[in-house]
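The structure appears right after this line, and notes come after that.
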Amino acid sequence: MSEVRLQVQNLCKTFGITKAVQNVSFNINKGEVHALIGENGSGKSTLTNMLTGIYSIDSGTFILDGKEIHPRNQVEANKEGVSIIVQELGTLDGLTVAENIFLGHEDMFVKFGIKNTNAMNRRATELLHQYGFDKIKASDPIENYNFEDRKLVEIVKATYFNPKIVVIDETTTALSQEGREELYKHMNRIRAEGNTVIFISHDLPEILDKSDTITILRDGVYIDTIKSADVDEDGLKKLMVGREVSGAYYRADYGEKISDEVVLSVKNVTVPGLIKNVNFDLHKGEILGFGGLSESGMHEIGKAIFGASYDREGSVTLADGTQINDIPTAIKHSIAYTSKDRDNESIVMNQSIGDNIVLPSLDDLANSAHLLSDKKLKEFANKFAVEMSVKMVNTDQFVSDLSGGNKQKVVLARWIGKDSDIVVLDSPTRGIDIKVKQDIYQLMDQMRKNGKSIIMISEELMELIGMCDRILIMKDGELNGELDRSPELNENLLISKMV
Ligand code: ADP
Ligand code: MG
């Protein structure tokens, strides 16, 4: 019999009219990886944020090793032996790597009222070395590192003190395969030491592979807790959405001819250190995919097309001869772009849903005297938020409050509203659950049928195979192969060109 570590009892949390967590009760054991799954907005982050002191509890209790705990912030949660790697960025700018790791626990390095920075850096360096993250320097400002490396720092921060429970909230989608392997190693170590991991991910094969037990939430309500060995992917999907989901949510058509009309031509594009001499044409009504390892340069392609890489050489030309060299020109000529790094590059977090949607369309919405009517802006924002079925109270709600899938819907609503002809989507379904994924795939298919052209950059090979007319594979910054849409395509064919 496994021993209970955490009892969740009658837990509730509401935000305005949203019942984010409704009377949820279940147990989590010692020495297990306990997955928490559910569609976007089902309450996973709200529950774990309450456990780790980020959110207050409306009602209900957490009992850890037989004792009720009430952490009021993350530092207090750490002292109870509970830590979290949050879904969003969990490190703070303006601090060094070491200061981030020990945030709130600096007293370890204070003697006679003086903080010993050297000792703190030494300890951080030791830990980074122990975790195999030697490329990260303890004394560097955290801003020197990209999202993925900052997540690695968070792994150290959340686990170095051997907590009883570590929550990992959708961290793996931000990591490359290498980073994931690192994380799995630490998950296994925590479990082997008799401690507990609460693991949140949208990647169902990953959930089945890495967890011992799975709890399913739906719309804030507890559905079930089951052993991972007793269920398969389809079973999980069914529990998550409460109905059968057909596996076929990709495009079903094959053999459609791509139009000869070229809408965008990329010639000899080079970004020093990232991509070399890339050439391709994008056709009208085509979904053109880019695949590769995450460092292959494919993510830079999107930026280069959108005029967002600064030292780009070569040309990006539209059918009418317009050269795209900067973002304003790209937007003016109906090019849309959504970044892989949604939270930092695609969305303005501290603005409302409405403000985010109208952003690129402000010129079109202004009257002849260049004035903007509030009413018109509101109607416009509302129309496209509703069209994308963004789960919200109204468009005045801040995007920072939305779940990942709903943020992505806001980003897409913005470009649908702008009626862009060329849409560059970098990792559009990253960290998004199956229902919203399905919506996004359907939207892409509809756009294609309406004659829009789409570039989809993705690390998910199945979605490239399922959605694209053509797939270009990048390797070490260069194009390394082209595959046409076909029912015969499989992941191995793509991988053989990627590595
Ligand atoms: P999940 O992590 O399962 O995707 P969340 O716990 O983030 O879901 O969200 C559950 C519900 O609570 C959603 O409807 C979301 O919009 C809402 N919500 C979450 N955090 C906040 C917040 N800080 N303010 C308002 N609403 C929130
Ligand atoms: Mg969440």
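Chain identifiers are assigned as A, B, and so on, following the order in which chains appear in the structure tokens; residues are numbered from 1 within each chain, and ligands are numbered from 1 in order of appearance.
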**OP:** Fewer than 6 positions away in the same chain doesn't count, so skip those; otherwise give me all residues within 6 Å of Val4 (chain A), counting only C-alpha atoms, as a PyMOL selection string.
**Re:** chain A and resi 28-30
Next, dump the selected residues to file, keeping only all heavy atoms, as a JSON list (two decimals), in the first residue's frame.
[["chain", "number", "residue", "atom", "x", "y", "z"],
["A", 28, "ILE", "N", -2.94, 12.20, -3.18],
["A", 28, "ILE", "CA", -1.71, 12.01, -3.94],
["A", 28, "ILE", "C", -0.72, 11.28, -3.02],
["A", 28, "ILE", "O", -0.60, 11.65, -1.85],
["A", 28, "ILE", "CB", -1.16, 13.37, -4.41],
["A", 28, "ILE", "CG1", -2.14, 14.00, -5.40],
["A", 28, "ILE", "CG2", 0.23, 13.22, -5.02],
["A", 28, "ILE", "CD1", -1.75, 15.37, -5.91],
["A", 29, "ASN", "N", -0.04, 10.26, -3.58],
["A", 29, "ASN", "CA", 0.82, 9.43, -2.73],
["A", 29, "ASN", "C", 2.27, 9.85, -2.70],
["A", 29, "ASN", "O", 2.71, 10.65, -3.53],
["A", 29, "ASN", "CB", 0.75, 7.97, -3.21],
["A", 29, "ASN", "CG", -0.61, 7.37, -2.93],
["A", 29, "ASN", "OD1", -1.30, 7.78, -1.99],
["A", 29, "ASN", "ND2", -0.99, 6.39, -3.73],
["A", 30, "LYS", "N", 3.00, 9.28, -1.76],
["A", 30, "LYS", "CA", 4.45, 9.45, -1.72],
["A", 30, "LYS", "C", 5.07, 8.61, -2.83],
["A", 30, "LYS", "O", 4.52, 7.57, -3.20],
["A", 30, "LYS", "CB", 5.00, 8.94, -0.38],
["A", 30, "LYS", "CG", 4.65, 9.82, 0.78],
["A", 30, "LYS", "CD", 5.29, 9.32, 2.07],
["A", 30, "LYS", "CE", 4.78, 10.17, 3.22],
["A", 30, "LYS", "NZ", 5.15, 9.60, 4.53]]
Could you find all residues in region 152-203 of chain A that DSSP calls strand (DSSP E) from the backbone, and write them as a short mmCIF file (atom, residue, chain, number, x, y, z; two decimals) with all heavy atoms, in the first residue's frame?
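Dumped everything to states_7.cif:
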data_model
loop_
_atom_site.label_atom_id
_atom_site.label_comp_id
_atom_site.auth_asym_id
_atom_site.auth_seq_id
_atom_site.Cartn_x
_atom_site.Cartn_y
_atom_site.Cartn_z
N ILE A 165 6.97 17.75 -2.34
CA ILE A 165 6.15 17.78 -3.55
C ILE A 165 6.70 18.84 -4.49
O ILE A 165 6.92 19.99 -4.08
CB ILE A 165 4.68 18.14 -3.25
CG1 ILE A 165 4.04 17.11 -2.31
CG2 ILE A 165 3.88 18.26 -4.54
CD1 ILE A 165 2.57 17.37 -2.02
N VAL A 166 6.94 18.45 -5.73
CA VAL A 166 7.32 19.42 -6.75
C VAL A 166 6.24 19.43 -7.82
O VAL A 166 5.89 18.38 -8.37
CB VAL A 166 8.67 19.05 -7.42
CG1 VAL A 166 9.03 20.06 -8.49
CG2 VAL A 166 9.77 18.95 -6.38
N VAL A 167 5.67 20.59 -8.09
CA VAL A 167 4.68 20.73 -9.15
C VAL A 167 5.39 21.17 -10.42
O VAL A 167 6.17 22.13 -10.40
CB VAL A 167 3.61 21.78 -8.78
CG1 VAL A 167 2.60 21.92 -9.92
CG2 VAL A 167 2.91 21.44 -7.47
N ILE A 168 5.14 20.47 -11.51
CA ILE A 168 5.72 20.86 -12.80
C ILE A 168 4.56 21.18 -13.74
O ILE A 168 3.88 20.29 -14.24
CB ILE A 168 6.59 19.73 -13.35
CG1 ILE A 168 7.71 19.40 -12.34
CG2 ILE A 168 7.18 20.10 -14.71
CD1 ILE A 168 8.55 18.20 -12.72
N ASP A 169 4.30 22.48 -13.93
CA ASP A 169 3.11 22.90 -14.69
C ASP A 169 3.47 23.23 -16.13
O ASP A 169 3.99 24.29 -16.43
CB ASP A 169 2.48 24.13 -14.00
CG ASP A 169 1.09 24.44 -14.58
OD1 ASP A 169 0.68 23.79 -15.57
OD2 ASP A 169 0.42 25.33 -14.03
N THR A 196 7.24 13.33 -4.19
CA THR A 196 6.12 13.32 -5.12
C THR A 196 6.28 14.41 -6.18
O THR A 196 6.67 15.53 -5.88
CB THR A 196 4.82 13.59 -4.33
OG1 THR A 196 4.70 12.58 -3.33
CG2 THR A 196 3.60 13.58 -5.24
N VAL A 197 5.94 14.05 -7.42
CA VAL A 197 5.87 15.05 -8.49
C VAL A 197 4.42 15.18 -8.92
O VAL A 197 3.75 14.17 -9.15
CB VAL A 197 6.71 14.63 -9.72
CG1 VAL A 197 6.56 15.65 -10.85
CG2 VAL A 197 8.17 14.46 -9.36
N ILE A 198 3.92 16.41 -8.98
CA ILE A 198 2.62 16.64 -9.62
C ILE A 198 2.93 17.18 -10.99
O ILE A 198 3.56 18.24 -11.14
CB ILE A 198 1.75 17.63 -8.82
CG1 ILE A 198 1.48 17.07 -7.42
CG2 ILE A 198 0.42 17.89 -9.56
CD1 ILE A 198 0.60 17.97 -6.54
N PHE A 199 2.55 16.42 -12.01
CA PHE A 199 3.03 16.68 -13.36
C PHE A 199 1.86 17.10 -14.26
O PHE A 199 0.91 16.34 -14.44
CB PHE A 199 3.69 15.40 -13.88
CG PHE A 199 4.34 15.52 -15.22
CD1 PHE A 199 5.22 16.55 -15.49
CD2 PHE A 199 4.08 14.59 -16.22
CE1 PHE A 199 5.84 16.66 -16.73
CE2 PHE A 199 4.69 14.68 -17.46
CZ PHE A 199 5.58 15.71 -17.71
N ILE A 200 1.94 18.31 -14.80
CA ILE A 200 0.88 18.79 -15.69
C ILE A 200 1.45 18.91 -17.10
O ILE A 200 2.49 19.54 -17.30
CB ILE A 200 0.34 20.17 -15.23
CG1 ILE A 200 -0.15 20.09 -13.78
CG2 ILE A 200 -0.76 20.66 -16.17
CD1 ILE A 200 -0.64 21.42 -13.22
#
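Once only C-alpha atoms and all ligand atoms are used for the distance check, the residues close to ligand 2 at 10 Å turn out to be A:Ile37, A:Gly38, A:Glu39, A:Asn40, A:Gly41, A:Ser42, A:Gly43, A:Lys44, A:Ser45, A:Thr46, A:Leu47, A:Thr48, A:Asn49, A:Val86, A:Gln87, A:Glu88, A:Asp169, A:Glu170, A:Ile200, A:Ser201, A:His202, A:Leu402, A:Ser403, A:Gly404, A:Gly405, A:Gly431, A:Ile432.
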Would you export the selected residues with N, CA and C atoms as an mmCIF file, in the first residue's frame, please?
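Output saved as again.cif:
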data_model
loop_
_atom_site.group_PDB
_atom_site.id
_atom_site.type_symbol
_atom_site.label_atom_id
_atom_site.label_comp_id
_atom_site.auth_asym_id
_atom_site.auth_seq_id
_atom_site.Cartn_x
_atom_site.Cartn_y
_atom_site.Cartn_z
ATOM 1 N N ILE A 37 -4.460 16.156 -15.486
ATOM 2 C CA ILE A 37 -4.769 16.509 -16.870
ATOM 3 C C ILE A 37 -6.186 17.052 -16.999
ATOM 4 N N GLY A 38 -6.423 17.709 -18.117
ATOM 5 C CA GLY A 38 -7.724 18.301 -18.392
ATOM 6 C C GLY A 38 -7.523 19.335 -19.483
ATOM 7 N N GLU A 39 -8.611 19.687 -20.159
ATOM 8 C CA GLU A 39 -8.498 20.679 -21.226
ATOM 9 C C GLU A 39 -8.051 22.023 -20.664
ATOM 10 N N ASN A 40 -7.710 22.939 -21.559
ATOM 11 C CA ASN A 40 -7.373 24.290 -21.131
ATOM 12 C C ASN A 40 -8.498 24.849 -20.295
ATOM 13 N N GLY A 41 -8.151 25.483 -19.188
ATOM 14 C CA GLY A 41 -9.178 26.115 -18.373
ATOM 15 C C GLY A 41 -9.882 25.153 -17.443
ATOM 16 N N SER A 42 -9.375 23.920 -17.312
ATOM 17 C CA SER A 42 -10.073 22.960 -16.451
ATOM 18 C C SER A 42 -9.701 23.132 -14.974
ATOM 19 N N GLY A 43 -8.717 23.998 -14.685
ATOM 20 C CA GLY A 43 -8.430 24.309 -13.283
ATOM 21 C C GLY A 43 -7.129 23.739 -12.741
ATOM 22 N N LYS A 44 -6.309 23.143 -13.616
ATOM 23 C CA LYS A 44 -5.067 22.499 -13.169
ATOM 24 C C LYS A 44 -4.133 23.517 -12.514
ATOM 25 N N SER A 45 -3.881 24.616 -13.219
ATOM 26 C CA SER A 45 -2.953 25.614 -12.671
ATOM 27 C C SER A 45 -3.531 26.275 -11.433
ATOM 28 N N THR A 46 -4.839 26.522 -11.428
ATOM 29 C CA THR A 46 -5.454 27.148 -10.260
ATOM 30 C C THR A 46 -5.251 26.273 -9.027
ATOM 31 N N LEU A 47 -5.465 24.953 -9.205
ATOM 32 C CA LEU A 47 -5.309 24.042 -8.069
ATOM 33 C C LEU A 47 -3.870 24.053 -7.557
ATOM 34 N N THR A 48 -2.916 23.912 -8.465
ATOM 35 C CA THR A 48 -1.522 23.823 -8.020
ATOM 36 C C THR A 48 -1.013 25.190 -7.546
ATOM 37 N N ASN A 49 -1.567 26.270 -8.078
ATOM 38 C CA ASN A 49 -1.175 27.586 -7.574
ATOM 39 C C ASN A 49 -1.674 27.790 -6.143
ATOM 40 N N VAL A 86 6.368 27.017 -12.577
ATOM 41 C CA VAL A 86 5.102 27.536 -13.099
ATOM 42 C C VAL A 86 5.040 27.431 -14.615
ATOM 43 N N GLN A 87 3.809 27.572 -15.124
ATOM 44 C CA GLN A 87 3.566 27.440 -16.554
ATOM 45 C C GLN A 87 4.215 28.603 -17.312
ATOM 46 N N GLU A 88 4.116 29.801 -16.762
ATOM 47 C CA GLU A 88 4.682 30.978 -17.432
ATOM 48 C C GLU A 88 6.131 31.137 -16.981
ATOM 49 N N ASP A 169 4.301 22.480 -13.930
ATOM 50 C CA ASP A 169 3.112 22.897 -14.686
ATOM 51 C C ASP A 169 3.467 23.228 -16.134
ATOM 52 N N GLU A 170 3.185 22.290 -17.029
ATOM 53 C CA GLU A 170 3.387 22.494 -18.467
ATOM 54 C C GLU A 170 4.749 23.064 -18.799
ATOM 55 N N ILE A 200 1.935 18.305 -14.800
ATOM 56 C CA ILE A 200 0.877 18.790 -15.690
ATOM 57 C C ILE A 200 1.452 18.909 -17.095
ATOM 58 N N SER A 201 0.807 18.263 -18.060
ATOM 59 C CA SER A 201 1.267 18.328 -19.445
ATOM 60 C C SER A 201 0.082 18.035 -20.362
ATOM 61 N N HIS A 202 0.159 18.571 -21.586
ATOM 62 C CA HIS A 202 -0.882 18.266 -22.568
ATOM 63 C C HIS A 202 -0.507 17.114 -23.461
ATOM 64 N N LEU A 402 -5.791 34.485 -18.740
ATOM 65 C CA LEU A 402 -6.332 33.388 -19.543
ATOM 66 C C LEU A 402 -5.415 32.177 -19.529
ATOM 67 N N SER A 403 -5.990 31.016 -19.824
ATOM 68 C CA SER A 403 -5.183 29.810 -19.961
ATOM 69 C C SER A 403 -4.420 29.878 -21.283
ATOM 70 N N GLY A 404 -3.397 29.037 -21.425
ATOM 71 C CA GLY A 404 -2.546 29.068 -22.617
ATOM 72 C C GLY A 404 -3.321 28.960 -23.919
ATOM 73 N N GLY A 405 -4.261 28.040 -23.969
ATOM 74 C CA GLY A 405 -5.029 27.840 -25.192
ATOM 75 C C GLY A 405 -5.858 29.066 -25.535
ATOM 76 N N GLY A 431 1.625 23.514 -26.210
ATOM 77 C CA GLY A 431 1.028 23.601 -24.878
ATOM 78 C C GLY A 431 -0.474 23.766 -24.886
ATOM 79 N N ILE A 432 -1.118 23.309 -25.951
ATOM 80 C CA ILE A 432 -2.556 23.520 -26.056
ATOM 81 C C ILE A 432 -3.266 22.172 -26.110
#
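When CA of Gly273 (chain A) is paired with CA of Val97 (chain A), their separation reads 25.4 Å.
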**OP:** For Asn162 (chain A), please output as a ChimeraX atom specification all residues within 10 Å (counting only C-alpha atoms; exclusion window: fewer than 2 positions along the same chain).
**Re:** /A:78,81-83,158-160,164-166,189-190,193,195
Subject >> Leu377 (chain A) environment, 10 Å, only C-alpha atoms, sequence neighbours closer than 5 positions dropped, as a list in words >> reply: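 So the residues in contact are Gly354, Asp355, Ile357, Val358, Leu359, Ser361, Leu362, Leu365, Ala366, Leu372, Asn382 and Lys383 of chain A.
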Subject >> Proximity to Lys227 (chain A) - best of A:Glu32, A:Asp445, A:Glu126, A:Glu482, only C-alpha atoms >> reply: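 So, comparing all the options, the nearest one is A:Glu32.
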Original post:
Contacts of region 255-259 of chain A at 9 Å or less, counting only C-alpha atoms, minus same-chain residues fewer than 6 places along, as a ChimeraX atom specification?
Top reply: /A:283-286,469,485-486
Check the DSSP output for the backbone and give back, as a PDB file with C-alpha atoms, in the first residue's frame, the residues of region 273-397 of chain A in helix (DSSP H, G or I).
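That gives us part.pdb:
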ATOM      1  CA  MET A 298      13.350  26.870 -38.434  1.00  0.00           C
ATOM      2  CA  HIS A 299      12.029  29.287 -35.815  1.00  0.00           C
ATOM      3  CA  GLU A 300      14.140  32.061 -37.355  1.00  0.00           C
ATOM      4  CA  ILE A 301      12.420  31.549 -40.737  1.00  0.00           C
ATOM      5  CA  GLY A 302       9.180  32.965 -39.366  1.00  0.00           C
ATOM      6  CA  LYS A 303      10.897  36.020 -37.946  1.00  0.00           C
ATOM      7  CA  ALA A 304      12.816  36.577 -41.174  1.00  0.00           C
ATOM      8  CA  ILE A 305       9.596  36.600 -43.217  1.00  0.00           C
ATOM      9  CA  ILE A 327       7.517  44.508 -39.240  1.00  0.00           C
ATOM     10  CA  PRO A 328       5.372  47.581 -40.140  1.00  0.00           C
ATOM     11  CA  THR A 329       5.747  46.784 -43.844  1.00  0.00           C
ATOM     12  CA  ALA A 330       4.878  43.153 -43.168  1.00  0.00           C
ATOM     13  CA  ILE A 331       1.706  44.076 -41.262  1.00  0.00           C
ATOM     14  CA  LYS A 332       0.704  46.702 -43.825  1.00  0.00           C
ATOM     15  CA  ARG A 342       3.590  33.469 -27.104  1.00  0.00           C
ATOM     16  CA  ASP A 343       3.769  35.151 -23.719  1.00  0.00           C
ATOM     17  CA  ASN A 344       6.729  37.364 -24.457  1.00  0.00           C
ATOM     18  CA  GLU A 345       6.501  38.050 -28.159  1.00  0.00           C
ATOM     19  CA  SER A 346       2.933  37.605 -29.369  1.00  0.00           C
ATOM     20  CA  ILE A 353      -8.310  40.778 -24.714  1.00  0.00           C
ATOM     21  CA  GLY A 354      -9.906  43.578 -26.737  1.00  0.00           C
ATOM     22  CA  ASP A 355      -6.755  45.694 -26.922  1.00  0.00           C
ATOM     23  CA  ASN A 356      -4.772  42.693 -28.047  1.00  0.00           C
ATOM     24  CA  ILE A 357      -7.219  41.842 -30.822  1.00  0.00           C
ATOM     25  CA  VAL A 358      -7.516  45.329 -32.308  1.00  0.00           C
ATOM     26  CA  LEU A 359      -3.778  46.060 -32.159  1.00  0.00           C
ATOM     27  CA  PRO A 360      -2.756  45.491 -35.803  1.00  0.00           C
ATOM     28  CA  SER A 361      -6.113  46.668 -37.170  1.00  0.00           C
ATOM     29  CA  LEU A 362      -6.099  50.143 -35.618  1.00  0.00           C
ATOM     30  CA  ASP A 363      -5.274  51.827 -38.951  1.00  0.00           C
ATOM     31  CA  ASP A 364      -8.138  50.038 -40.701  1.00  0.00           C
ATOM     32  CA  LEU A 365     -10.581  50.873 -37.924  1.00  0.00           C
ATOM     33  CA  ASP A 374     -14.526  53.008 -28.660  1.00  0.00           C
ATOM     34  CA  LYS A 375     -17.752  51.345 -29.659  1.00  0.00           C
ATOM     35  CA  LYS A 376     -16.365  50.240 -33.003  1.00  0.00           C
ATOM     36  CA  LEU A 377     -13.211  48.838 -31.379  1.00  0.00           C
ATOM     37  CA  LYS A 378     -15.279  46.937 -28.821  1.00  0.00           C
ATOM     38  CA  GLU A 379     -17.555  45.488 -31.484  1.00  0.00           C
ATOM     39  CA  PHE A 380     -14.605  44.463 -33.596  1.00  0.00           C
ATOM     40  CA  ALA A 381     -12.798  42.789 -30.676  1.00  0.00           C
ATOM     41  CA  ASN A 382     -15.942  41.062 -29.504  1.00  0.00           C
ATOM     42  CA  LYS A 383     -16.793  39.761 -32.964  1.00  0.00           C
ATOM     43  CA  PHE A 384     -13.456  37.995 -33.405  1.00  0.00           C
ATOM     44  CA  ALA A 385     -13.142  36.847 -29.789  1.00  0.00           C
ATOM     45  CA  VAL A 386     -16.540  35.185 -30.133  1.00  0.00           C
ATOM     46  CA  GLU A 387     -15.670  33.801 -33.563  1.00  0.00           C
TER      47      GLU A 387
END
**OP:** Just the residues within 7 Å of Met474 (chain A), please, counting only C-alpha atoms, with nothing from its chain fewer than 4 positions along; format it as a list of chain:residue names.
**Re:** A:Gly291, A:Gly292, A:Ser296, A:Gly297, A:Met298, A:Glu478, A:Leu479, A:Asn480, A:Met498
Could those residues be written to a file, using C-alpha atoms, as a CSV table (one decimal), in the first residue's frame?
chain,number,residue,atom,x,y,z
A,291,GLY,CA,10.2,21.0,-39.5
A,292,GLY,CA,13.5,20.3,-37.8
A,296,SER,CA,17.8,23.9,-36.7
A,297,GLY,CA,17.0,27.5,-37.5
A,298,MET,CA,13.3,26.9,-38.4
A,478,GLU,CA,19.9,25.1,-44.0
A,479,LEU,CA,17.1,23.5,-46.0
A,480,ASN,CA,17.7,19.7,-46.0
A,498,MET,CA,16.3,16.3,-39.6
**OP:** Find the distance between CA of Glu491 (chain A) and CA of Gly477 (chain A) and write it in Å to one decimal.
**Re:** 20.4 Å
**OP:** Find the spatial neighbours of Val424 (chain A), counting only C-alpha atoms, within a cut-off of 9 Å - ignore same-chain residues fewer than 2 positions away - and output them as a VMD selection string.
**Re:** chain A and resid 302 to 303 305 to 306 335 to 339 422 426 453 to 457
Original post:
Which residue out of A:Thr125, A:Ser294, A:Ser496, A:Ser315 has the minimum interatomic distance to Asn277 (chain A) when only C-alpha atoms are used?
Top reply: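 Answer, going by the shortest atom-to-atom distance: A:Ser315.
Distances to ligand 1 were evaluated for A:Thr91, A:Ser265, A:Thr18, A:Gly307 using only C-alpha atoms and all ligand atoms, and the minimum falls at A:Thr18.
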Original post:
What is the CA of Asn325 (chain A) to CA of Asp281 (chain A) distance in Å?
Top reply: 16.8 Å
**OP:** Check the smallest atom-to-atom distance from each of A:Val33, A:Val241, A:Ile63, A:Ile17 to Lys435 (chain A) using only C-alpha atoms, then report the winner.
**Re:**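 Of A:Val33, A:Val241, A:Ile63, A:Ile17, the one nearest Lys435 (chain A), counting only C-alpha atoms, is A:Val241.
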